[in-house]
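K.L.:
Okay, so here is protein13.tsv, and as you'll see once you scroll down, it has TSV, C-alpha atoms.
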chain	number	residue	atom	x	y	z
A	1	MET	CA	56.49	-154.20	109.09
A	2	THR	CA	60.00	-152.81	109.45
A	3	PRO	CA	61.07	-152.80	113.11
A	4	THR	CA	61.68	-149.38	114.65
A	5	ILE	CA	65.33	-148.54	115.16
A	6	ASP	CA	66.23	-147.29	118.65
A	7	GLY	CA	68.14	-144.09	117.89
A	8	ALA	CA	69.70	-143.78	121.34
A	9	ALA	CA	70.95	-147.37	121.27
A	10	LEU	CA	72.31	-146.84	117.76
A	11	LEU	CA	74.25	-143.73	118.81
A	12	ASP	CA	75.56	-145.73	121.77
A	13	GLU	CA	76.83	-148.26	119.24
A	14	VAL	CA	78.48	-145.55	117.12
A	15	GLU	CA	80.21	-144.17	120.21
A	16	ALA	CA	81.32	-147.65	121.29
A	17	PHE	CA	82.78	-148.30	117.83
A	18	HIS	CA	84.90	-145.15	118.11
A	19	ARG	CA	86.03	-146.07	121.62
A	20	ARG	CA	87.45	-149.36	120.33
A	21	PHE	CA	89.99	-147.55	118.15
A	22	ASN	CA	90.18	-143.91	119.28
A	23	VAL	CA	91.33	-142.25	122.49
A	24	PHE	CA	89.70	-138.84	122.47
A	25	PRO	CA	90.76	-136.17	124.98
A	26	THR	CA	87.37	-135.81	126.69
A	27	GLU	CA	84.03	-137.57	127.07
A	28	ALA	CA	82.49	-134.61	125.23
A	29	ALA	CA	84.57	-135.49	122.17
A	30	TYR	CA	83.07	-138.99	121.91
A	31	VAL	CA	79.57	-137.52	122.09
A	32	ALA	CA	80.28	-134.85	119.48
A	33	VAL	CA	81.91	-137.22	117.00
A	34	ALA	CA	79.11	-139.80	117.26
A	35	LEU	CA	76.52	-137.06	116.66
A	36	TRP	CA	78.54	-135.72	113.74
A	37	ASP	CA	78.67	-139.17	112.13
A	38	ALA	CA	74.88	-139.41	112.40
A	39	HIS	CA	74.21	-135.86	111.20
A	40	ALA	CA	76.05	-136.63	107.93
A	41	HIS	CA	73.12	-138.91	107.03
A	42	LEU	CA	70.62	-136.06	107.55
A	43	LEU	CA	72.21	-133.10	105.76
A	44	ASP	CA	69.10	-132.19	103.82
A	45	CYS	CA	67.29	-131.53	107.11
A	46	PHE	CA	69.65	-128.70	108.11
A	47	ASP	CA	70.60	-125.24	106.94
A	48	SER	CA	74.27	-125.82	107.76
A	49	THR	CA	76.73	-128.60	108.51
A	50	PRO	CA	79.62	-128.18	110.96
A	51	ARG	CA	83.11	-129.21	109.97
A	52	LEU	CA	84.71	-131.82	112.22
A	53	ALA	CA	88.38	-131.03	112.92
A	54	PHE	CA	90.82	-133.43	114.58
A	55	LEU	CA	93.87	-131.27	115.39
A	56	SER	CA	97.04	-131.83	117.38
A	57	PRO	CA	100.43	-130.16	117.88
A	58	GLU	CA	102.44	-133.34	117.17
A	59	PRO	CA	102.23	-136.40	114.91
A	60	GLY	CA	101.17	-139.73	116.38
A	61	SER	CA	98.13	-138.35	118.19
A	62	GLY	CA	95.48	-140.54	116.58
A	63	LYS	CA	94.06	-137.98	114.14
A	64	SER	CA	94.26	-140.16	111.05
A	65	ARG	CA	92.85	-143.17	112.89
A	66	ALA	CA	89.89	-141.07	114.04
A	67	LEU	CA	89.28	-140.09	110.42
A	68	ASP	CA	89.56	-143.76	109.39
A	69	VAL	CA	86.77	-144.69	111.80
A	70	VAL	CA	84.60	-141.75	110.73
A	71	GLU	CA	85.08	-142.89	107.13
A	72	THR	CA	83.40	-146.23	107.86
A	73	LEU	CA	80.32	-144.60	109.42
A	74	VAL	CA	79.37	-141.74	107.09
A	75	PRO	CA	77.56	-141.85	103.73
A	76	ARG	CA	79.62	-142.01	100.51
A	77	SER	CA	82.93	-141.20	102.17
A	78	MET	CA	85.52	-139.56	99.91
A	79	ALA	CA	89.15	-139.29	100.99
A	80	ALA	CA	90.31	-136.03	99.42
A	81	ALA	CA	93.81	-135.30	100.72
A	82	ASP	CA	95.14	-134.44	97.26
A	83	ALA	CA	91.89	-133.58	95.46
A	84	SER	CA	91.68	-130.33	93.54
A	85	ALA	CA	88.94	-127.82	94.17
A	86	ALA	CA	87.55	-128.52	90.70
A	87	ALA	CA	87.28	-132.24	91.47
A	88	LEU	CA	85.46	-131.49	94.72
A	89	PHE	CA	82.99	-129.15	92.98
A	90	ARG	CA	82.04	-131.90	90.55
A	91	SER	CA	81.87	-134.58	93.22
A	92	VAL	CA	79.46	-132.58	95.36
A	93	SER	CA	77.37	-131.95	92.24
A	94	GLY	CA	76.66	-135.68	92.33
A	95	ILE	CA	78.32	-136.91	89.17
A	96	ASP	CA	78.46	-140.38	90.74
A	97	GLY	CA	74.85	-140.28	91.85
A	98	GLY	CA	75.28	-138.99	95.40
A	99	ARG	CA	76.81	-136.25	97.50
A	100	PRO	CA	79.98	-137.40	99.27
A	101	THR	CA	81.16	-136.87	102.82
A	102	ILE	CA	84.60	-135.37	102.26
A	103	LEU	CA	87.52	-136.38	104.49
A	104	PHE	CA	90.76	-134.37	104.43
A	105	ASP	CA	93.73	-135.95	106.20
A	106	GLU	CA	96.93	-133.94	106.67
A	107	ILE	CA	94.98	-130.73	106.18
A	108	ASP	CA	98.06	-128.82	107.40
A	109	THR	CA	99.73	-129.56	104.05
A	110	ILE	CA	96.94	-127.54	102.42
A	111	PHE	CA	96.69	-124.66	104.88
A	112	GLY	CA	99.94	-124.92	106.83
A	113	PRO	CA	102.51	-122.10	106.98
A	114	LYS	CA	104.64	-123.69	104.25
A	115	ALA	CA	101.76	-124.47	101.92
A	116	GLY	CA	100.93	-120.92	100.92
A	117	ASP	CA	97.37	-119.77	100.43
A	118	ASN	CA	94.94	-122.24	98.92
A	119	GLU	CA	91.98	-119.97	98.48
A	120	GLN	CA	89.88	-122.21	96.25
A	121	LEU	CA	89.86	-125.07	98.74
A	122	ARG	CA	89.36	-122.69	101.64
A	123	GLY	CA	86.46	-121.12	99.77
A	124	PHE	CA	84.97	-124.52	99.03
A	125	ILE	CA	85.13	-125.65	102.67
A	126	ASN	CA	83.71	-122.33	103.87
A	127	ALA	CA	80.90	-122.13	101.32
A	128	GLY	CA	79.88	-125.76	101.81
A	129	HIS	CA	79.14	-125.10	105.47
A	130	ALA	CA	75.76	-123.58	104.58
A	131	ARG	CA	73.04	-124.73	102.24
A	132	GLY	CA	72.39	-122.76	99.07
A	133	ARG	CA	75.83	-121.25	98.56
A	134	PRO	CA	77.11	-122.57	95.23
A	135	MET	CA	80.60	-121.88	93.97
A	136	TYR	CA	80.53	-120.12	90.59
A	137	ARG	CA	83.08	-120.97	87.91
A	138	CYS	CA	83.51	-120.33	84.21
A	139	VAL	CA	83.26	-123.52	82.15
A	140	GLY	CA	83.75	-124.09	78.45
A	141	ASP	CA	86.46	-123.77	75.82
A	142	GLY	CA	88.27	-120.64	74.71
A	143	SER	CA	85.89	-117.74	74.26
A	144	ASN	CA	82.86	-120.00	74.63
A	145	GLN	CA	82.67	-119.67	78.41
A	146	GLN	CA	79.60	-119.76	80.61
A	147	VAL	CA	79.16	-119.17	84.32
A	148	GLN	CA	78.04	-122.29	86.13
A	149	GLY	CA	77.15	-122.71	89.78
A	150	PHE	CA	78.48	-125.81	91.52
A	151	PRO	CA	76.81	-127.01	94.74
A	152	SER	CA	79.19	-127.00	97.68
A	153	TYR	CA	76.98	-128.07	100.60
A	154	CYS	CA	78.42	-131.26	102.08
A	155	ALA	CA	79.79	-132.71	105.31
A	156	VAL	CA	83.56	-132.29	105.74
A	157	ALA	CA	85.88	-133.79	108.36
A	158	VAL	CA	89.57	-132.88	108.54
A	159	ALA	CA	92.66	-133.97	110.45
A	160	GLY	CA	95.98	-132.22	110.72
A	161	LEU	CA	98.78	-130.67	112.71
A	162	GLY	CA	98.53	-127.21	114.22
A	163	SER	CA	95.50	-125.12	113.47
A	164	LEU	CA	93.26	-124.05	110.60
A	165	PRO	CA	92.30	-120.72	109.04
A	166	ASP	CA	89.96	-118.82	111.36
A	167	THR	CA	87.16	-118.96	108.80
A	168	ILE	CA	87.19	-122.77	109.00
A	169	LEU	CA	87.82	-123.03	112.75
A	170	THR	CA	84.72	-120.99	113.56
A	171	ARG	CA	82.64	-123.40	111.48
A	172	SER	CA	84.05	-126.49	113.17
A	173	VAL	CA	83.59	-128.85	116.06
A	174	ILE	CA	87.21	-128.99	117.24
A	175	ILE	CA	88.70	-132.13	118.78
A	176	ARG	CA	92.22	-131.41	120.04
A	177	MET	CA	93.90	-134.79	119.95
A	178	ARG	CA	96.87	-135.89	122.02
A	179	ARG	CA	99.16	-138.90	122.11
A	180	ARG	CA	97.93	-141.93	124.01
A	181	ALA	CA	99.30	-142.42	127.47
A	182	ARG	CA	100.88	-145.78	128.28
A	183	ASN	CA	97.79	-146.90	130.14
A	184	GLU	CA	95.42	-145.97	127.29
A	185	LYS	CA	94.79	-148.98	125.07
A	186	VAL	CA	92.90	-149.34	121.79
A	187	GLU	CA	92.31	-152.16	119.35
A	188	PRO	CA	94.45	-152.24	116.20
A	189	PHE	CA	92.32	-151.06	113.28
A	190	ARG	CA	92.32	-153.72	110.57
A	191	THR	CA	90.80	-152.55	107.30
A	192	ARG	CA	89.57	-155.97	106.11
A	193	ILE	CA	87.83	-156.64	109.42
A	194	HIS	CA	86.72	-153.33	110.80
A	195	VAL	CA	85.67	-151.38	107.71
A	196	PRO	CA	82.84	-153.88	107.04
A	197	GLU	CA	81.85	-153.68	110.73
A	198	GLY	CA	81.68	-149.91	110.58
A	199	ASN	CA	79.77	-150.04	107.30
A	200	GLN	CA	77.11	-152.20	108.93
A	201	VAL	CA	76.62	-149.50	111.58
A	202	ARG	CA	76.64	-146.89	108.79
A	203	ASP	CA	73.82	-148.68	106.98
A	204	ARG	CA	71.70	-148.77	110.14
A	205	LEU	CA	72.40	-145.06	110.64
A	206	ALA	CA	71.12	-144.45	107.12
A	207	LYS	CA	67.90	-146.38	107.83
A	208	TRP	CA	67.39	-144.58	111.13
A	209	ALA	CA	67.99	-141.23	109.41
A	210	GLU	CA	65.25	-142.02	106.90
A	211	SER	CA	62.85	-142.77	109.74
A	212	VAL	CA	63.45	-139.44	111.54
A	213	GLU	CA	63.83	-137.04	108.59
A	214	LYS	CA	60.42	-135.44	109.10
A	215	GLN	CA	61.04	-135.18	112.84
A	216	VAL	CA	64.41	-133.45	112.36
A	217	ALA	CA	63.73	-131.23	109.34
A	218	GLY	CA	63.16	-127.59	110.22
A	219	VAL	CA	63.45	-127.97	113.99
A	220	PHE	CA	65.29	-125.45	116.15
A	221	PRO	CA	66.65	-127.36	119.14
A	222	ALA	CA	66.97	-125.57	122.46
A	223	MET	CA	70.52	-124.29	122.88
A	224	PRO	CA	72.40	-124.01	126.17
A	225	ASP	CA	72.35	-120.42	127.44
A	226	GLU	CA	76.15	-120.20	127.13
A	227	VAL	CA	76.12	-120.98	123.40
A	228	THR	CA	75.10	-118.26	120.93
A	229	ASP	CA	75.96	-116.83	117.50
A	230	ARG	CA	78.28	-118.92	115.29
A	231	PRO	CA	78.84	-121.73	117.85
A	232	ALA	CA	75.06	-122.14	118.02
A	233	ASP	CA	74.91	-122.51	114.24
A	234	VAL	CA	77.67	-125.12	114.42
A	235	TRP	CA	75.96	-127.22	117.09
A	236	GLU	CA	72.33	-126.90	116.03
A	237	PRO	CA	72.36	-129.96	113.69
A	238	LEU	CA	74.10	-132.12	116.30
A	239	LEU	CA	71.59	-131.21	119.02
A	240	ALA	CA	68.73	-131.90	116.60
A	241	VAL	CA	70.14	-135.39	116.03
A	242	ALA	CA	70.48	-135.96	119.78
A	243	ASP	CA	66.88	-134.87	120.39
A	244	ALA	CA	65.66	-137.24	117.69
A	245	ALA	CA	67.61	-140.12	119.23
A	246	GLY	CA	66.30	-139.50	122.74
A	247	GLY	CA	67.46	-141.35	125.83
A	248	GLN	CA	70.44	-139.69	127.48
A	249	TRP	CA	71.64	-138.14	124.24
A	250	PRO	CA	69.87	-134.75	124.49
A	251	LYS	CA	71.44	-134.17	127.92
A	252	ARG	CA	74.86	-135.50	126.93
A	253	ALA	CA	74.84	-133.50	123.71
A	254	ARG	CA	74.21	-130.19	125.48
A	255	GLU	CA	76.87	-130.92	128.09
A	256	ALA	CA	79.32	-131.74	125.29
A	257	CYS	CA	78.30	-128.60	123.42
A	258	VAL	CA	79.07	-126.35	126.37
A	259	ALA	CA	82.34	-128.15	127.13
A	260	LEU	CA	83.71	-128.02	123.58
A	261	VAL	CA	82.54	-124.48	122.84
A	262	THR	CA	84.13	-123.29	126.09
A	263	ALA	CA	87.35	-125.12	125.21
A	264	SER	CA	87.41	-123.62	121.71
A	265	LYS	CA	87.07	-120.12	123.16
A	266	ALA	CA	89.95	-120.76	125.53
A	267	ASN	CA	92.14	-121.75	122.57
A	268	ASP	CA	90.87	-118.97	120.31
A	269	LYS	CA	93.27	-116.06	120.16
A	270	GLY	CA	91.09	-114.34	117.60
A	271	SER	CA	92.50	-112.56	114.60
A	272	LEU	CA	95.90	-110.92	114.80
A	273	GLY	CA	94.19	-107.54	115.04
A	274	VAL	CA	92.04	-108.63	117.98
A	275	ARG	CA	95.14	-110.09	119.63
A	276	LEU	CA	96.85	-106.71	119.22
A	277	LEU	CA	93.93	-104.83	120.73
A	278	THR	CA	93.69	-107.27	123.62
A	279	ASP	CA	97.41	-107.14	124.40
A	280	LEU	CA	97.32	-103.35	124.34
A	281	ARG	CA	94.43	-103.38	126.80
A	282	ASP	CA	95.64	-106.12	129.13
A	283	HIS	CA	99.42	-105.72	129.06
A	284	VAL	CA	100.53	-102.37	127.66
A	285	LEU	CA	98.07	-99.59	128.47
A	286	VAL	CA	97.12	-100.86	131.92
A	287	GLY	CA	96.58	-97.83	134.15
A	288	ILE	CA	97.99	-95.55	131.44
A	289	ASP	CA	96.00	-93.06	129.40
A	290	ARG	CA	98.65	-92.61	126.67
A	291	LEU	CA	102.02	-93.99	125.64
A	292	PRO	CA	104.55	-93.17	122.90
A	293	THR	CA	104.71	-95.61	120.01
A	294	ILE	CA	108.31	-96.55	120.77
A	295	ALA	CA	107.34	-97.59	124.30
A	296	ILE	CA	104.31	-99.52	123.04
A	297	LEU	CA	106.48	-101.46	120.61
A	298	ASP	CA	109.05	-102.23	123.30
A	299	ARG	CA	106.38	-103.65	125.57
A	300	LEU	CA	104.58	-105.63	122.87
A	301	ASN	CA	107.78	-107.17	121.54
A	302	ALA	CA	108.83	-108.12	125.08
A	303	LEU	CA	105.65	-110.07	125.80
A	304	ASP	CA	106.12	-113.79	126.25
A	305	ASP	CA	103.72	-116.09	124.39
A	306	ALA	CA	102.91	-113.33	121.90
A	307	PRO	CA	103.61	-113.09	118.16
A	308	TRP	CA	104.90	-109.50	118.09
A	309	ALA	CA	108.64	-110.19	118.31
A	310	ASP	CA	108.53	-112.47	115.27
A	311	LEU	CA	106.03	-111.53	112.59
A	312	HIS	CA	107.28	-113.34	109.50
A	313	GLY	CA	110.82	-113.08	110.84
A	314	LYS	CA	110.66	-109.44	111.93
A	315	PRO	CA	109.45	-107.70	115.10
A	316	LEU	CA	106.39	-105.49	115.02
A	317	ASP	CA	107.38	-102.01	113.88
A	318	ASN	CA	105.79	-98.58	113.76
A	319	ARG	CA	104.45	-98.94	110.24
A	320	ARG	CA	102.81	-102.33	110.87
A	321	LEU	CA	101.34	-101.14	114.18
A	322	SER	CA	99.87	-98.07	112.51
A	323	LYS	CA	98.40	-100.10	109.66
A	324	MET	CA	96.83	-102.68	111.96
A	325	LEU	CA	95.25	-100.16	114.34
A	326	ALA	CA	93.93	-98.05	111.46
A	327	GLU	CA	91.59	-100.95	110.60
A	328	TYR	CA	89.61	-100.13	113.76
A	329	MET	CA	87.65	-97.02	114.61
A	330	THR	CA	87.44	-94.63	117.55
A	331	ALA	CA	84.12	-93.80	119.21
A	332	ASP	CA	83.92	-90.84	116.78
A	333	ASN	CA	84.13	-93.26	113.83
A	334	GLU	CA	87.63	-92.18	112.85
A	335	PRO	CA	90.42	-94.67	112.17
A	336	ILE	CA	92.64	-95.17	115.21
A	337	ALA	CA	95.82	-93.20	114.59
A	338	SER	CA	98.82	-91.98	116.50
A	339	ARG	CA	98.71	-88.51	118.03
A	340	ASN	CA	101.21	-86.13	119.59
A	341	ILE	CA	102.21	-86.86	123.17
A	342	LYS	CA	104.22	-84.34	125.20
A	343	THR	CA	106.94	-86.04	127.26
A	344	ALA	CA	109.66	-84.27	129.25
A	345	GLY	CA	109.77	-81.20	127.07
A	346	SER	CA	109.57	-83.07	123.74
A	347	VAL	CA	106.75	-84.29	121.52
A	348	LEU	CA	106.49	-87.91	120.42
A	349	LYS	CA	103.92	-89.80	118.41
A	350	GLY	CA	101.88	-92.30	120.38
A	351	TYR	CA	98.44	-93.68	121.15
A	352	TYR	CA	95.73	-92.66	123.62
A	353	ALA	CA	93.70	-95.26	125.50
A	354	THR	CA	90.51	-93.27	124.89
A	355	ASP	CA	90.92	-93.82	121.16
A	356	LEU	CA	90.97	-97.58	121.74
A	357	HIS	CA	88.07	-97.89	124.18
A	358	ASP	CA	85.40	-98.42	121.52
A	359	ALA	CA	87.42	-101.10	119.70
A	360	TRP	CA	88.19	-102.83	123.00
A	361	ALA	CA	84.49	-102.98	123.84
A	362	ARG	CA	83.46	-104.27	120.41
A	363	TYR	CA	86.15	-106.78	119.54
A	364	CYS	CA	88.03	-108.00	122.62
A	365	PRO	CA	87.03	-110.77	125.00
A	366	PRO	CA	86.10	-109.66	128.53
A	367	PRO	CA	89.10	-108.35	130.47
A	368	PRO	CA	90.64	-110.35	133.31
A	369	GLU	CA	88.65	-110.12	136.53
A	370	SER	CA	91.60	-108.70	138.42
A	371	PRO	CA	93.29	-105.80	136.63
A	372	LEU	CA	96.94	-106.42	135.93
A	373	PRO	CA	99.37	-104.08	137.69
A	374	PRO	CA	101.03	-101.38	135.55
A	375	LEU	CA	104.36	-102.28	134.02
A	376	PRO	CA	107.36	-100.98	135.99
A	377	GLY	CA	108.30	-97.43	135.17
A	378	THR	CA	104.99	-96.49	133.58
A	379	GLY	CA	102.38	-93.97	134.54
A	380	ASN	CA	100.41	-91.14	133.02
A	381	LEU	CA	102.62	-89.08	130.77
A	382	THR	CA	102.01	-85.38	130.56
Starting from the coordinates I provided, produce the structure as C-alpha cells.
P.N.:
Amino acid sequence: MTPTIDGAALLDEVEAFHRRFNVFPTEAAYVAVALWDAHAHLLDCFDSTPRLAFLSPEPGSGKSRALDVVETLVPRSMAAADASAAALFRSVSGIDGGRPTILFDEIDTIFGPKAGDNEQLRGFINAGHARGRPMYRCVGDGSNQQVQGFPSYCAVAVAGLGSLPDTILTRSVIIRMRRRARNEKVEPFRTRIHVPEGNQVRDRLAKWAESVEKQVAGVFPAMPDEVTDRPADVWEPLLAVADAAGGQWPKRAREACVALVTASKANDKGSLGVRLLTDLRDHVLVGIDRLPTIAILDRLNALDDAPWADLHGKPLDNRRLSKMLAEYMTADNEPIASRNIKTAGSVLKGYYATDLHDAWARYCPPPPESPLPPLPGTGNLT
C-alpha cells in the first residue's frame, strides 16, 4: 500500500526549498509561490491558472533565481525566453507527450517599451489563463489553408524589469522583488546539485497531486471577503491547493491572498484613461464645477508623479484630452465632451464636473478620505 503523502508537510518542504535560494519581499510571497508550484501539477482540476510574475525596478533583484527554483519544482518546465508564439502553441498541444509549464525570463524584452507590441505572445499568455480558449491559426501550404485551434491553457511564470501589460497583470500573482540587503543571505544555487534536489520534491508533488485530484476538482474554496472579481479568479486555484494540503496552509493562504491582492491594488494605477479620470477628480476639479481646457491641461501637466507632461515625448494636449475623455460617457449616455464656459466676459471651451460624475463612480477607485484642498487661484467660474 502506497503511504499517504502529508500535503501540508510537502508544501512546507517546497517553501523551505525556495527560502534556501530566494529572498522574497514578504512572507506572503513565499506562501503564494509554494502554492503556485503545487497548483501547476493540478491544472486539469481548475477553470483557470494564474500567471506568476516576479517583477522589479532594477536588475540584480533575484528574479531569475526565483524562476530557476520554480523550474525545478513544476511539471515539464519549458524555458521560453526566445520562443515564438507558434512554437508555444505546438508545445502546449502536447507534441512531446505533455503540456509544459512555461517560464519566461526577461519578459521586459518582449513587452518592454523598446520591444514594440508583441500581440501574439500577449494573446497566448492571456488566452492560456482560462481553460477552453484555444488560439486559432491558419495552417497549410499556399491556398490549401485550414483553420486549426491550438490549446493554450497552461501554467506560465515570468520574470522581468518594470511592469507588464495590464491584461497580464490582472491575471497574475505579483511578487515585487528587491535586491538583497547585506544581512540577507542565501545559498548559491548550483545546477548540478540543486536541480536534482528540486526535481525530487517535484516528483513528490506530482504524486500528491494525483492523490488529491478528486478532492480538488470542481471545488469553490471560500474567499476572503476583501477579494472579489478577477483577483478571486486568480487566487481560487491556490486556495483550493491550500485547503487540500490542510494544516496551517488554508489560513496562511488566505492571509497571503489578502496581503498580495491589497499590495497589487496599491501599485495598480489602472489604465491611462482611468488615471486621467482619477487625476481630474482628485487633483484638478476639486471643489470646482467647471474649468477651461487650458487650465485643466496646465494643472495635469504640472502634477508630480503623473504621466501627463511626457506622453511619448510630448505633454498632454487638447486633442489627446478630448479623445481620451470621449471614450467615457456622461450620466445621459453621451460621450464626455468639452462645452462652452463663460469666463470674465469671454467664452472658452472646457469641462464640467457633472459630466464626469458617472465615469468617476464607475471607473475610479474610491476617493481619498479627506478631500484635497482646491488648487490656489481656483473656484467656481461663472
K.L.:
Give me, please, the distance in Å between atom CA of Ala361 of chain A and atom CA of Leu325 of chain A, quoted to one decimal.
P.N.:
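Result for atom CA of Ala361 of chain A versus atom CA of Leu325 of chain A: 14.6 Å, one decimal.
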K.L.:
Would you mind telling me which residue in A:Arg65, A:Lys342, A:Arg19, A:Lys323 lies nearest to Phe189 of chain A when using only C-alpha atoms?
P.N.:
A:Arg65
K.L.:
List as a PyMOL selection string the protein and nucleic acid residues near segment 194-197 of chain A, meaning an atom at most 10 Å away when all atoms listed in the file are counted, but skip any in the same chain fewer than 3 places from it.
P.N.:
chain A and resi 17+21+68-69+71-73+188-191+200-202
K.L.:
What does the structure give for the distance between atom CA of Glu13 of chain A and atom CA of Pro221 of chain A, in Å to one decimal?
P.N.:
23.2 Å
K.L.:
For a test of reading the model, state the distance in Å between atom CA of Val158 of chain A and atom CA of Cys364 of chain A, rounded to one decimal.
P.N.:
28.6 Å
K.L.:
Counting only C-alpha atoms, which residues have an atom no more than 10 Å from (97.4, -104.6, 112.0) in the file's coordinates? Please list them as a list in words.
P.N.:
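Applying the cut-off with only C-alpha atoms, one gets Ser271, Leu272, Gly273, Val274, Arg275, Leu276, Leu277, Leu316, Arg319, Arg320, Leu321, Ser322, Lys323, Met324, Leu325, Ala326, Glu327 and Tyr328 of chain A.
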K.L.:
Looking at all atoms listed in the file, which of A:Val147, A:Leu280, A:Leu121, A:Val258 is the one that sits closest to Glu226 of chain A?
P.N.:
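Distance minimum relative to Glu226 of chain A lands on A:Val258.
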K.L.:
Skip Ile102 of chain A itself and residues of its chain fewer than 2 positions away, then list as a PyMOL selection string all residues within 9 Å of it, counting only C-alpha atoms.
P.N.:
chain A and resi 71+76-80+88+100+104+154-158
K.L.:
Under the rule that all atoms listed in the file are counted, which of A:Asn318, A:Asn333, A:Asn199, A:Ser93 is the nearest residue to Leu297 of chain A?
P.N.:
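So, comparing all the options, the nearest one is A:Asn318.
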K.L.:
Ranking A:Ala217, A:Leu55, A:Asp47, A:Arg176 by minimum distance to Leu260 of chain A and counting all atoms listed in the file, which one comes first?
P.N.:
A:Arg176
K.L.:
Return the single residue from A:Ala53, A:Val286, A:Leu291, A:Leu238 that is closest to Asn340 of chain A, with distances computed using only C-alpha atoms.
P.N.:
A:Leu291
K.L.:
Got a sec: who's within 8 Å of Ala34 of chain A, counting all atoms listed in the file, leaving out chain neighbours fewer than 6 positions off, as JSON, numbers by chain?
P.N.:
{"A": [11, 14, 15, 18]}
K.L.:
Check the smallest atom-to-atom distance from each of A:His129, A:Arg281, A:Lys314, A:Lys63 to Tyr153 of chain A using all atoms listed in the file, then report the winner.
P.N.:
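Ranked by minimum distance to Tyr153 of chain A, first place goes to A:His129.
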K.L.:
Counting all atoms listed in the file, I want the residues whose atoms come within 10 Å of (68.0, -125.2, 99.2) in the file frame, returned as a ChimeraX atom specification.
P.N.:
/A:44,46-47,130-133,153
K.L.:
Excluding Asp298 of chain A and residues on its chain fewer than 3 positions from it, collect all residues at most 10 Å away from it, counting all atoms listed in the file, and give them as a PyMOL selection string.
P.N.:
chain A and resi 284+293-295+301-303+308-309+315-317
K.L.:
Write a file of the just-selected residues containing C-alpha atoms, as a JSON list (two decimals), in the coordinates of the input.
P.N.:
[["chain", "number", "residue", "atom", "x", "y", "z"],
["A", 284, "VAL", "CA", 100.53, -102.37, 127.66],
["A", 293, "THR", "CA", 104.71, -95.61, 120.01],
["A", 294, "ILE", "CA", 108.31, -96.55, 120.77],
["A", 295, "ALA", "CA", 107.34, -97.59, 124.30],
["A", 301, "ASN", "CA", 107.78, -107.17, 121.54],
["A", 302, "ALA", "CA", 108.83, -108.12, 125.08],
["A", 303, "LEU", "CA", 105.65, -110.07, 125.80],
["A", 308, "TRP", "CA", 104.90, -109.50, 118.09],
["A", 309, "ALA", "CA", 108.64, -110.19, 118.31],
["A", 315, "PRO", "CA", 109.45, -107.70, 115.10],
["A", 316, "LEU", "CA", 106.39, -105.49, 115.02],
["A", 317, "ASP", "CA", 107.38, -102.01, 113.88]]
